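Peer 1: What follows is the file query_8.txt, containing compact mmCIF, C-alpha atoms:
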# COMPACT_ATOMS: atom_id res chain seq x y z
CA MET A 706 15.28 53.40 -55.77
CA GLU A 707 16.99 56.20 -53.86
CA ARG A 708 14.52 58.68 -52.43
CA LYS A 709 15.10 61.97 -50.74
CA ASN A 710 12.65 63.89 -48.64
CA ILE A 711 10.18 65.67 -50.85
CA SER A 712 7.87 68.27 -49.36
CA SER A 713 4.28 67.19 -48.99
CA ALA A 714 3.20 70.13 -51.18
CA VAL A 715 5.20 68.68 -54.09
CA ILE A 716 3.79 65.20 -53.46
CA HIS A 717 0.35 66.75 -53.44
CA ARG A 718 0.92 68.19 -56.92
CA LEU A 719 2.63 65.15 -58.44
CA PRO A 720 -0.54 63.15 -59.28
CA ARG A 721 -1.84 66.20 -61.09
CA TYR A 722 1.29 66.30 -63.29
CA TYR A 723 0.77 62.62 -63.89
CA ARG A 724 -2.81 63.21 -65.00
CA TYR A 725 -1.94 66.03 -67.42
CA LEU A 726 0.98 64.11 -68.88
CA GLY A 727 -1.27 61.06 -69.31
CA GLU A 728 -3.78 63.18 -71.22
CA LEU A 729 -1.02 64.61 -73.44
CA LYS A 730 0.31 61.11 -74.08
CA ASP A 731 -3.18 59.88 -74.97
CA VAL A 732 -3.52 62.49 -77.71
CA GLY A 733 -0.06 61.70 -79.10
CA ILE A 734 1.92 64.70 -77.86
CA GLU A 735 5.56 63.67 -77.46
CA ARG A 736 7.18 66.65 -75.83
CA ILE A 737 6.18 69.78 -73.99
CA SER A 738 7.95 72.81 -72.55
CA SER A 739 7.46 73.89 -68.95
CA GLY A 740 5.84 77.03 -70.40
CA GLU A 741 3.18 75.10 -72.31
CA LEU A 742 2.56 72.77 -69.39
CA SER A 743 2.30 75.86 -67.19
CA LYS A 744 -0.52 77.30 -69.31
CA LYS A 745 -2.43 74.03 -69.30
CA MET A 746 -2.08 73.40 -65.60
CA ASN A 747 -2.45 76.97 -64.39
CA VAL A 748 0.81 76.69 -62.41
CA THR A 749 3.85 78.89 -63.08
CA ALA A 750 6.57 77.46 -65.32
CA SER A 751 9.15 78.03 -62.60
CA GLN A 752 6.99 76.07 -60.14
CA ILE A 753 6.90 73.19 -62.62
CA ARG A 754 10.67 73.24 -63.16
CA GLN A 755 11.27 73.46 -59.41
CA ASP A 756 8.86 70.60 -58.65
CA LEU A 757 10.32 68.31 -61.28
CA ASN A 758 13.88 69.18 -60.23
CA ASN A 759 13.13 67.36 -56.99
CA PHE A 760 13.32 64.18 -58.97
CA GLY A 761 16.50 65.03 -60.76
CA GLY A 762 14.59 67.00 -63.43
CA PHE A 763 13.73 65.36 -66.69
CA GLY A 764 13.78 68.40 -68.95
CA GLN A 765 16.36 69.43 -71.50
CA GLN A 766 17.10 73.04 -72.34
CA GLY A 767 15.49 73.98 -75.67
CA TYR A 768 13.70 70.66 -75.98
CA GLY A 769 11.37 70.60 -73.02
CA TYR A 770 10.09 67.45 -71.45
CA ASN A 771 9.64 64.12 -73.12
CA VAL A 772 6.02 63.43 -72.23
CA GLU A 773 6.09 59.65 -72.15
CA TYR A 774 9.39 59.47 -70.27
CA LEU A 775 8.25 62.01 -67.68
CA TYR A 776 4.89 60.26 -67.34
CA ASP A 777 6.60 56.92 -66.71
CA GLU A 778 9.12 58.39 -64.29
CA ILE A 779 6.46 60.16 -62.22
CA GLY A 780 4.45 56.95 -62.31
CA LYS A 781 7.42 55.11 -60.80
CA ILE A 782 7.89 57.80 -58.15
CA LEU A 783 4.21 57.45 -57.25
CA GLY A 784 4.67 53.70 -56.92
CA LEU A 785 2.40 52.99 -59.90
CA ASN A 786 4.83 50.54 -61.48
CA LYS A 787 3.69 47.93 -58.98
CA SER A 788 0.46 46.10 -58.35
CA TYR A 789 -1.42 46.47 -55.08
CA ASN A 790 -3.94 44.12 -53.53
CA VAL A 791 -6.74 46.28 -52.17
CA ILE A 792 -9.61 45.29 -49.92
CA ILE A 793 -12.54 47.53 -49.10
CA ILE A 794 -14.27 47.57 -45.73
CA GLY A 795 -17.88 48.62 -46.22
CA ALA A 796 -20.09 47.68 -49.18
CA GLY A 797 -22.36 50.73 -48.92
CA ASN A 798 -22.58 53.30 -51.69
CA LEU A 799 -19.12 54.63 -51.02
CA GLY A 800 -17.47 51.19 -50.88
CA ARG A 801 -19.25 50.28 -54.11
CA ALA A 802 -18.21 53.52 -55.76
CA ILE A 803 -14.56 52.72 -54.93
CA ALA A 804 -14.92 49.13 -56.14
CA ASN A 805 -16.43 50.31 -59.42
CA TYR A 806 -13.65 52.73 -60.40
CA SER A 807 -12.10 50.89 -63.31
CA ASN A 808 -9.32 53.48 -63.44
CA PHE A 809 -7.88 52.30 -60.15
CA GLU A 810 -7.26 48.85 -61.56
CA LYS A 811 -5.60 50.36 -64.63
CA ARG A 812 -3.13 52.02 -62.22
CA GLY A 813 -2.35 48.75 -60.46
CA PHE A 814 -4.83 48.92 -57.57
CA VAL A 815 -6.73 45.66 -57.74
CA VAL A 816 -9.75 45.23 -55.50
CA LYS A 817 -9.62 41.66 -54.23
CA ALA A 818 -12.42 41.56 -51.67
CA ILE A 819 -15.05 43.67 -49.93
CA PHE A 820 -16.26 43.21 -46.36
CA ASP A 821 -19.52 44.30 -44.82
CA LYS A 822 -21.41 43.60 -41.60
CA ASN A 823 -24.64 43.15 -43.55
CA ILE A 824 -24.91 39.37 -43.90
CA GLU A 825 -27.33 39.73 -46.81
CA LEU A 826 -24.60 41.14 -49.03
CA LYS A 827 -22.35 38.13 -48.43
CA GLY A 828 -21.57 36.26 -51.64
CA GLN A 829 -22.39 39.18 -53.93
CA THR A 830 -19.78 40.22 -56.45
CA ILE A 831 -18.91 43.83 -57.21
CA ARG A 832 -16.84 44.28 -60.37
CA GLY A 833 -15.29 40.86 -59.85
CA ALA A 834 -14.59 41.27 -56.13
CA LYS A 835 -16.47 39.04 -53.73
CA VAL A 836 -18.31 40.47 -50.73
CA TYR A 837 -17.51 38.73 -47.44
CA HIS A 838 -19.05 39.14 -44.03
CA ILE A 839 -16.94 41.32 -41.74
CA ASP A 840 -16.47 38.33 -39.40
CA GLU A 841 -14.45 36.66 -42.14
CA LEU A 842 -11.95 39.54 -42.24
CA GLU A 843 -9.38 38.15 -39.79
CA ASP A 844 -9.37 34.81 -41.50
CA TYR A 845 -8.97 36.44 -44.92
CA ILE A 846 -6.18 38.75 -43.84
CA THR A 847 -4.30 35.86 -42.23
CA ASN A 848 -4.26 33.92 -45.48
CA GLU A 849 -4.14 36.55 -48.21
CA SER A 850 -1.67 39.28 -49.03
CA VAL A 851 -3.25 42.73 -48.65
CA ASP A 852 -1.36 45.95 -49.48
CA ILE A 853 -4.00 48.63 -49.06
CA VAL A 854 -7.25 48.75 -47.09
CA ALA A 855 -9.96 51.26 -48.00
CA LEU A 856 -12.10 52.06 -44.97
CA ALA A 857 -15.57 53.05 -46.15
CA ILE A 858 -17.35 52.59 -42.81
CA PRO A 859 -18.63 54.97 -40.13
CA LYS A 860 -16.09 56.56 -37.82
CA THR A 861 -17.40 54.64 -34.81
CA GLN A 862 -16.18 51.36 -36.37
CA ALA A 863 -13.08 52.51 -38.22
CA GLY A 864 -10.62 52.50 -35.31
CA ASP A 865 -11.38 48.95 -34.18
CA VAL A 866 -11.25 47.50 -37.67
CA ALA A 867 -8.00 49.35 -38.41
CA ASN A 868 -6.43 47.95 -35.24
CA ILE A 869 -7.28 44.38 -36.21
CA LEU A 870 -5.79 44.94 -39.65
CA ILE A 871 -2.64 46.59 -38.27
CA ASN A 872 -2.15 43.61 -35.95
CA HIS A 873 -2.20 41.44 -39.05
CA GLY A 874 0.45 43.53 -40.77
CA VAL A 875 -1.51 45.98 -42.93
CA LYS A 876 0.66 49.03 -43.64
CA ALA A 877 -1.57 51.32 -45.69
CA PHE A 878 -5.07 52.72 -45.16
CA TRP A 879 -7.20 54.80 -47.46
CA ASN A 880 -9.47 56.23 -44.82
CA PHE A 881 -12.90 57.61 -45.71
CA ALA A 882 -14.18 57.44 -42.12
CA HIS A 883 -14.47 60.87 -40.60
CA THR A 884 -11.90 60.32 -37.89
CA ASP A 885 -8.11 60.35 -37.58
CA LEU A 886 -6.73 56.84 -37.23
CA ASP A 887 -4.19 56.31 -34.48
CA VAL A 888 -1.52 54.19 -36.18
CA PRO A 889 2.09 53.14 -35.54
CA GLY A 890 4.87 55.01 -37.34
CA ASP A 891 5.34 52.35 -40.00
CA VAL A 892 1.73 52.56 -41.18
CA VAL A 893 0.67 55.14 -43.76
CA VAL A 894 -2.79 56.71 -43.88
CA GLU A 895 -4.34 58.82 -46.62
CA ASN A 896 -7.53 60.49 -45.44
CA VAL A 897 -10.48 61.48 -47.61
CA HIS A 898 -12.61 63.54 -45.25
CA LEU A 899 -15.55 64.50 -47.45
CA SER A 900 -17.30 66.72 -44.93
CA GLU A 901 -14.10 68.74 -44.44
CA SER A 902 -13.87 69.19 -48.18
CA LEU A 903 -17.47 70.42 -48.26
CA MET A 904 -16.71 72.88 -45.44
CA ARG A 905 -13.79 74.30 -47.40
CA LEU A 906 -16.20 74.85 -50.27
CA SER A 907 -18.72 76.66 -48.07
CA TYR A 908 -15.89 78.74 -46.58
CA ASN A 909 -14.76 79.82 -50.04
CA LEU A 910 -18.33 80.46 -51.15
CA ALA A 911 -19.05 82.60 -48.07
CA LYS A 912 -15.77 84.46 -48.58
CA LYS A 913 -16.53 85.14 -52.24
CA GLU A 914 -20.00 86.40 -51.38
CA SER A 915 -18.68 88.75 -48.69
CA GLU A 916 -16.10 90.11 -51.17
CA ASP A 917 -18.77 90.78 -53.77
CA LYS A 918 -20.77 92.94 -51.43
CA MET B 327 -18.56 89.78 -41.54
CA GLU B 328 -15.13 91.25 -42.15
CA ARG B 329 -12.73 88.75 -43.62
CA LYS B 330 -9.04 88.99 -44.23
CA ASN B 331 -6.96 86.79 -46.42
CA ILE B 332 -6.26 83.54 -44.66
CA SER B 333 -3.68 81.14 -46.09
CA SER B 334 -5.09 78.05 -47.73
CA ALA B 335 -3.07 75.90 -45.31
CA VAL B 336 -5.01 77.38 -42.39
CA ILE B 337 -8.33 76.95 -44.22
CA HIS B 338 -7.34 73.37 -44.85
CA ARG B 339 -6.89 72.77 -41.13
CA LEU B 340 -9.97 74.67 -39.95
CA PRO B 341 -12.55 71.90 -40.56
CA ARG B 342 -10.37 69.58 -38.51
CA TYR B 343 -10.45 71.98 -35.57
CA TYR B 344 -14.19 72.13 -36.03
CA ARG B 345 -14.46 68.35 -35.90
CA TYR B 346 -12.36 68.01 -32.74
CA LEU B 347 -14.19 70.82 -30.98
CA GLY B 348 -17.51 69.24 -31.95
CA GLU B 349 -16.39 65.94 -30.41
CA LEU B 350 -15.29 67.72 -27.21
CA LYS B 351 -18.60 69.57 -27.06
CA ASP B 352 -20.51 66.31 -27.53
CA VAL B 353 -18.88 64.78 -24.45
CA GLY B 354 -19.55 67.89 -22.37
CA ILE B 355 -16.07 69.43 -22.24
CA GLU B 356 -16.43 73.19 -21.80
CA ARG B 357 -12.89 74.48 -22.13
CA ILE B 358 -9.53 73.30 -23.39
CA SER B 359 -6.00 74.68 -23.50
CA SER B 360 -4.01 74.84 -26.70
CA GLY B 361 -1.68 72.27 -25.07
CA GLU B 362 -4.43 69.73 -24.54
CA LEU B 363 -5.88 70.34 -27.98
CA SER B 364 -2.37 69.96 -29.37
CA LYS B 365 -2.01 66.47 -27.88
CA LYS B 366 -5.38 65.37 -29.21
CA MET B 367 -4.86 66.71 -32.69
CA ASN B 368 -1.18 65.92 -33.06
CA VAL B 369 -0.42 69.53 -34.03
CA THR B 370 1.92 71.78 -32.01
CA ALA B 371 0.28 74.11 -29.48
CA SER B 372 1.97 77.09 -31.13
CA GLN B 373 0.51 76.07 -34.48
CA ILE B 374 -2.94 76.00 -32.91
CA ARG B 375 -2.51 79.41 -31.31
CA GLN B 376 -1.15 80.83 -34.54
CA ASP B 377 -3.99 79.36 -36.64
CA LEU B 378 -6.70 80.60 -34.34
CA ASN B 379 -5.08 84.04 -34.07
CA ASN B 380 -6.00 84.49 -37.72
CA PHE B 381 -9.55 84.89 -36.60
CA GLY B 382 -8.83 87.29 -33.78
CA GLY B 383 -7.98 84.42 -31.43
CA PHE B 384 -10.58 83.16 -29.03
CA GLY B 385 -8.35 81.99 -26.19
CA GLN B 386 -7.75 83.62 -22.82
CA GLN B 387 -4.46 83.35 -20.96
CA GLY B 388 -4.76 80.82 -18.14
CA TYR B 389 -8.24 79.75 -19.15
CA GLY B 390 -7.76 78.29 -22.60
CA TYR B 391 -10.48 78.12 -25.18
CA ASN B 392 -14.19 78.01 -24.55
CA VAL B 393 -15.09 74.93 -26.58
CA GLU B 394 -18.64 75.84 -27.55
CA TYR B 395 -17.81 79.44 -28.37
CA LEU B 396 -14.82 78.44 -30.50
CA TYR B 397 -16.86 75.71 -32.20
CA ASP B 398 -19.59 78.19 -33.09
CA GLU B 399 -17.15 80.85 -34.27
CA ILE B 400 -15.26 78.43 -36.52
CA GLY B 401 -18.61 77.21 -37.80
CA LYS B 402 -19.50 80.77 -38.78
CA ILE B 403 -16.13 81.27 -40.46
CA LEU B 404 -16.72 78.09 -42.43
CA GLY B 405 -20.12 79.39 -43.50
CA LEU B 406 -21.95 76.67 -41.57
CA ASN B 407 -24.40 79.10 -39.98
CA LYS B 408 -26.31 79.18 -43.26
CA SER B 409 -28.31 76.66 -45.22
CA TYR B 410 -27.28 75.58 -48.71
CA ASN B 411 -29.41 74.08 -51.44
CA VAL B 412 -27.35 71.30 -52.99
CA ILE B 413 -28.04 69.33 -56.15
CA ILE B 414 -26.08 66.28 -57.21
CA ILE B 415 -25.32 65.45 -60.83
CA GLY B 416 -24.95 61.68 -61.15
CA ALA B 417 -27.01 59.09 -59.28
CA GLY B 418 -24.38 56.36 -59.44
CA ASN B 419 -22.76 54.94 -56.32
CA LEU B 420 -20.82 58.10 -55.63
CA GLY B 421 -23.82 60.40 -56.09
CA ARG B 422 -25.85 58.14 -53.85
CA ALA B 423 -23.12 58.05 -51.23
CA ILE B 424 -23.13 61.86 -51.14
CA ALA B 425 -26.93 62.00 -50.98
CA ASN B 426 -26.97 59.54 -48.10
CA TYR B 427 -24.56 61.41 -45.82
CA SER B 428 -26.93 62.56 -43.09
CA ASN B 429 -24.13 64.62 -41.55
CA PHE B 430 -24.12 67.04 -44.48
CA GLU B 431 -27.71 68.01 -43.82
CA LYS B 432 -26.92 68.54 -40.13
CA ARG B 433 -24.32 71.10 -41.24
CA GLY B 434 -26.79 72.95 -43.45
CA PHE B 435 -26.14 71.26 -46.80
CA VAL B 436 -29.55 70.11 -47.97
CA VAL B 437 -29.73 67.86 -51.02
CA LYS B 438 -32.73 69.07 -53.03
CA ALA B 439 -32.48 67.04 -56.22
CA ILE B 440 -30.33 64.52 -58.08
CA PHE B 441 -29.90 64.33 -61.86
CA ASP B 442 -28.88 61.37 -63.97
CA LYS B 443 -28.88 60.51 -67.64
CA ASN B 444 -30.31 57.08 -66.90
CA ILE B 445 -34.02 57.52 -67.56
CA GLU B 446 -34.85 54.46 -65.48
CA LEU B 447 -33.78 56.23 -62.29
CA LYS B 448 -36.15 59.14 -62.92
CA GLY B 449 -38.75 59.52 -60.17
CA GLN B 450 -36.74 57.56 -57.58
CA THR B 451 -36.14 59.20 -54.23
CA ILE B 452 -32.81 59.08 -52.42
CA ARG B 453 -33.03 60.17 -48.79
CA GLY B 454 -35.89 62.52 -49.62
CA ALA B 455 -34.34 63.97 -52.77
CA LYS B 456 -36.00 63.24 -56.10
CA VAL B 457 -34.05 61.92 -59.06
CA TYR B 458 -34.63 63.84 -62.31
CA HIS B 459 -33.45 63.11 -65.80
CA ILE B 460 -30.43 65.20 -66.81
CA ASP B 461 -32.53 66.83 -69.57
CA GLU B 462 -34.63 68.44 -66.83
CA LEU B 463 -31.59 70.18 -65.33
CA GLU B 464 -31.83 73.49 -67.19
CA ASP B 465 -35.50 73.79 -66.40
CA TYR B 466 -34.88 73.01 -62.72
CA ILE B 467 -31.99 75.42 -62.36
CA THR B 468 -34.00 78.19 -64.02
CA ASN B 469 -36.78 77.88 -61.45
CA GLU B 470 -35.07 76.77 -58.25
CA SER B 471 -32.37 78.33 -56.13
CA VAL B 472 -29.20 76.20 -56.09
CA ASP B 473 -26.14 77.10 -54.01
CA ILE B 474 -23.84 74.14 -54.52
CA VAL B 475 -23.62 71.50 -57.25
CA ALA B 476 -21.88 68.18 -56.59
CA LEU B 477 -20.53 66.72 -59.82
CA ALA B 478 -20.42 62.94 -59.48
CA ILE B 479 -20.13 62.16 -63.20
CA PRO B 480 -17.27 61.07 -65.49
CA LYS B 481 -14.76 63.70 -66.53
CA THR B 482 -15.89 63.60 -70.16
CA GLN B 483 -19.27 65.08 -69.15
CA ALA B 484 -18.28 67.32 -66.24
CA GLY B 485 -17.12 70.35 -68.23
CA ASP B 486 -20.26 70.65 -70.37
CA VAL B 487 -22.62 70.24 -67.43
CA ALA B 488 -20.63 72.76 -65.38
CA ASN B 489 -20.83 75.31 -68.20
CA ILE B 490 -24.62 75.01 -68.40
CA LEU B 491 -24.86 75.48 -64.65
CA ILE B 492 -22.47 78.44 -64.62
CA ASN B 493 -24.55 80.11 -67.33
CA HIS B 494 -27.51 79.77 -65.01
CA GLY B 495 -25.68 81.42 -62.15
CA VAL B 496 -24.24 78.52 -60.12
CA LYS B 497 -21.25 79.76 -58.10
CA ALA B 498 -19.98 76.67 -56.29
CA PHE B 499 -18.99 73.20 -57.45
CA TRP B 500 -17.99 70.18 -55.45
CA ASN B 501 -16.18 68.37 -58.21
CA PHE B 502 -15.60 64.61 -58.04
CA ALA B 503 -14.90 64.30 -61.77
CA HIS B 504 -11.25 63.67 -62.44
CA THR B 505 -10.62 66.86 -64.35
CA ASP B 506 -9.97 70.51 -63.53
CA LEU B 507 -13.01 72.66 -64.30
CA ASP B 508 -12.37 75.84 -66.24
CA VAL B 509 -14.50 78.40 -64.40
CA PRO B 510 -14.81 82.22 -64.21
CA GLY B 511 -13.19 84.00 -61.27
CA ASP B 512 -16.42 84.36 -59.31
CA VAL B 513 -17.06 80.60 -59.21
CA VAL B 514 -15.50 78.43 -56.51
CA VAL B 515 -14.52 74.80 -57.03
CA GLU B 516 -13.53 72.24 -54.43
CA ASN B 517 -12.05 69.14 -56.03
CA VAL B 518 -12.15 65.63 -54.65
CA HIS B 519 -9.81 63.73 -56.95
CA LEU B 520 -9.94 60.23 -55.53
CA SER B 521 -7.35 58.70 -57.83
CA GLU B 522 -4.86 61.41 -56.88
CA SER B 523 -5.48 60.64 -53.24
CA LEU B 524 -4.82 56.96 -53.93
CA MET B 525 -1.57 57.84 -55.72
CA ARG B 526 -0.39 59.83 -52.70
CA LEU B 527 -1.04 56.73 -50.62
CA SER B 528 0.96 54.50 -52.96
CA TYR B 529 3.74 57.10 -53.01
CA ASN B 530 3.94 57.11 -49.23
CA LEU B 531 3.72 53.33 -49.07
CA ALA B 532 6.54 52.92 -51.62
CA LYS B 533 8.61 55.52 -49.76
CA LYS B 534 8.09 53.76 -46.41
CA GLU B 535 9.04 50.43 -47.92
CA SER B 536 12.23 51.81 -49.45
CA GLU B 537 13.17 53.37 -46.08
CA ASP B 538 12.67 50.09 -44.27
CA LYS B 539 15.09 48.29 -46.53
Would you give me this structure, written as C-alpha cells?

Peer 2:
Amino acid sequence: MERKNISSAVIHRLPRYYRYLGELKDVGIERISSGELSKKMNVTASQIRQDLNNFGGFGQQGYGYNVEYLYDEIGKILGLNKSYNVIIIGAGNLGRAIANYSNFEKRGFVVKAIFDKNIELKGQTIRGAKVYHIDELEDYITNESVDIVALAIPKTQAGDVANILINHGVKAFWNFAHTDLDVPGDVVVENVHLSESLMRLSYNLAKKESEDK
Amino acid sequence: MERKNISSAVIHRLPRYYRYLGELKDVGIERISSGELSKKMNVTASQIRQDLNNFGGFGQQGYGYNVEYLYDEIGKILGLNKSYNVIIIGAGNLGRAIANYSNFEKRGFVVKAIFDKNIELKGQTIRGAKVYHIDELEDYITNESVDIVALAIPKTQAGDVANILINHGVKAFWNFAHTDLDVPGDVVVENVHLSESLMRLSYNLAKKESEDK
C-alpha cells in the first residue's frame, strides 16, 4: 500500500474514528455525514473531512460516508487487517490486564506467551498464553516469530530486556515501563506512561480549580 | 497561583521534563543547560527553552537551569504539591495494577478505596486500600472526600458509574474504559485508551514495514 506522511496528530485521532465507526456499524448504521459524526465525536466537521482527506477521503457529496467501508479502510491503514504475534514481559497485574483484554485478539493482536522472573508463575496459563520464566526468553525469541512485545516491567529492567529483544530482531515495543527506550531507527515504540497521564489529570484539575476561584 | 493558557502539546510534554529532572536530581546533578537536557530528552534545545518560557522560564544565561528548583516548580504546575484522595472503580487486573503503583502515592495520589461488583472481593485489602462492593459507592462518596476517580471497568458500565459520581461532586476522572465520558464543563477527564495506543503501534509498524520494502 502506498503511504504518505501523515501528521502524528491525525494518527492520534484515527483509532478514535475507528472506534466510533465500529459502534455505528454494530448498531446497523450504514452511512453518516461528517456533520453527524462531528456531533457524536465532538470534533468539527471540517476537521473530520480534513483528517479523512489524508487517506484520499472516502466521502461522497450529499451521501456522506459509508460506515462499513470507512471502518474497513481505516482498519487497513491502522494495520488491523493483519495478525500480530504479541508477547508480554511481566506477569504482574499490568501484564495480566493486557493478556486478558479479549478485544486485542479481536483486532488481530494475539498474545502468544508471557515472561516473568518469578519462577513460581512458570507454567501458568493466562487466557490461553503460557507463562515462561524470563530466562527462557532468548530461546523463545530465537525460535518463534514475534511481532510486538509489551513491556510491563519496572523501568530498571526495561532497557536491558528491550536490547536483547532488538538483537533478536524485534521491531515493535508497547512500552509501559516509565522510561524512554533507546532504540535503533527501524524499531517503533509506543509508550504508555501512566504516571504522566495522571500528572496531566492533576494539572487540569488544579487549573480548573484555580479558574473557579 | 496565576495560570495562563498553555497549549495541550506543552502540557503533554511537561511530565516528561519532570521525570528527567527527577532522575537528574536523584543522581545529584544540580544544574543543566538546555543543550544538555536536549541531548538527553531527544528534543531540540529551542523547544525546551520555548516550553519552559511558558512558565516564566527558570533558566539563567550562562548558568542553565537549576535542576531542583525547576523540578519543584514543574511539580507545582502539575499540581503535585498537593495530596489527592483517589478511589478506583474495578478491582480486576487493571484496577489492581493502578492500586499497586507505589510511585503514585509518592506523588501525592493516595488510593483510599477500591470498588467492585464482585461481592467475593469485598473486604480484601490492596496495598492498604479496602475493597468495597460497588453498591457501597454512593454511601462512601457521600461521606468521604474524593478528588480523583480511576475508572477501570468495561465501557458498558463506565458512563452510569461516572454519572453517579458526578452527581456527588466528583470533578476528575482517570478513564481506562474504552469510551468517551460525557461530562459537564467543570469536570476533567484524562483518558487512557489502551486499544487506541496499540493501534497507533500497529500503524507505525505497518508504515515502517512498507517503507523498508

Peer 1: For Asn493 (chain B), find every residue with an atom within 12 Å (counting only C-alpha atoms), except residues of its own chain fewer than 6 positions away, and show them as a list of chain:residue names.

Peer 2: B:Glu464, B:Ile467, B:Thr468, B:Asp486, B:Val487, B:Val509, B:Pro510, B:Val513

Peer 1: Skipping near chain neighbours, those fewer than 2 positions away, what residues fall within 12 Å of Lys402 (chain B) using only C-alpha atoms, listed as number ranges by chain?

Peer 2: A: 904, 907-908, 911-912; B: 327-329, 340-341, 344, 381, 395-400, 404-409, 433-434

Peer 1: Taking only residues of chain B that have an atom at most 8 Å from an atom of chain A, what is each one's shortest atom pair and its distance in Å to one decimal, using all atoms listed in the file, in chain and number order, as a tab-separated table?

Peer 2:
residue	atom	partner	partner_atom	distance
B:Met327	CA	A:Ser915	CA	7.2
B:Glu328	CA	A:Ser915	CA	7.9
B:Arg329	CA	A:Lys912	CA	7.2
B:Ile337	CA	A:Arg905	CA	6.9
B:His338	CA	A:Arg905	CA	7.0
B:Pro341	CA	A:Glu901	CA	5.2
B:Arg342	CA	A:Glu901	CA	7.1
B:Ile403	CA	A:Tyr908	CA	6.6
B:Leu404	CA	A:Tyr908	CA	4.3
B:Gly405	CA	A:Tyr908	CA	5.3
B:Leu406	CA	A:Ser907	CA	7.3
B:Gly418	CA	A:Ala802	CA	7.7
B:Asn419	CA	A:Ala802	CA	4.8
B:Leu420	CA	A:Ala802	CA	5.3
B:Arg422	CA	A:Asn798	CA	6.2
B:Ala423	CA	A:Asn798	CA	4.8
B:Asn429	CA	A:Ser900	CA	7.9
B:Phe430	CA	A:Ser900	CA	6.8
B:Lys497	CA	A:Leu910	CA	7.6
B:Ala498	CA	A:Leu910	CA	6.6
B:Phe499	CA	A:Leu906	CA	7.9
B:Trp500	CA	A:Leu906	CA	7.2
B:Asp512	CA	A:Lys913	CA	7.1
B:Val514	CA	A:Leu910	CA	6.4
B:Val515	CA	A:Leu906	CA	7.0
B:Glu516	CA	A:Leu906	CA	5.6
B:Val518	CA	A:Ser902	CA	7.6
B:Ser521	CA	A:Phe809	CA	6.8
B:Glu522	CA	A:Pro720	CA	5.2
B:Ser523	CA	A:Glu895	CA	7.0
B:Leu524	CA	A:Trp879	CA	7.2
B:Met525	CA	A:Leu783	CA	6.0
B:Arg526	CA	A:Ile716	CA	6.8
B:Leu527	CA	A:Glu895	CA	5.6
B:Ser528	CA	A:Gly784	CA	5.5
B:Tyr529	CA	A:Leu783	CA	4.3
B:Asn530	CA	A:Val893	CA	6.7
B:Leu531	CA	A:Val893	CA	6.4
B:Ala532	CA	A:Gly784	CA	5.7
B:Lys533	CA	A:Arg708	CA	7.2
B:Lys534	CA	A:Asp891	CA	7.1
B:Ser536	CA	A:Met706	CA	7.2

Peer 1: In Å, with one decimal, what is the gap from CA of Ser333 (chain B) to CA of Asp756 (chain A)?

Peer 2: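 That distance, rounded to one decimal, is 20.6 Å.
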
Peer 1: Quick one: distance from CA of Gly767 (chain A) to CA of Val732 (chain A) in Å, one decimal?

Peer 2: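 Value for the CA of Gly767 (chain A)-CA of Val732 (chain A) distance: 22.3 Å.
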
Peer 1: Enter the distance from CA of Lys730 (chain A) to CA of Gln483 (chain B), in Å, rounded to one decimal.

Peer 2: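 Calculated distance between CA of Lys730 (chain A) and CA of Gln483 (chain B) is 20.6 Å.
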
Peer 1: Skip region 460-462 of chain B itself and residues of its chain fewer than 4 positions away, then list as a list in words all residues within 7 Å of it, counting all atoms listed in the file.

Peer 2: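 Those residues are Phe441, Asp442, Lys443 and Tyr466 of chain B.
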
Peer 1: Of the candidates B:Leu463, B:Ala371, B:Ala417, B:Val457, which one gets nearest to Ala439 (chain B) if we count only C-alpha atoms?

Peer 2: B:Val457

Peer 1: Closest to Glu394 (chain B) among B:Gly485, B:Gly361, B:Gly416, B:Gly348, using only C-alpha atoms?

Peer 2: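 Smallest separation from Glu394 (chain B) among the options: B:Gly348.
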
Peer 1: Let me make sure I understand: among B:Gly495, B:Arg357, B:Tyr391, B:Val472, which one has the smallest atom-to-atom distance to Asn411 (chain B) if we use all atoms listed in the file?

Peer 2: B:Val472
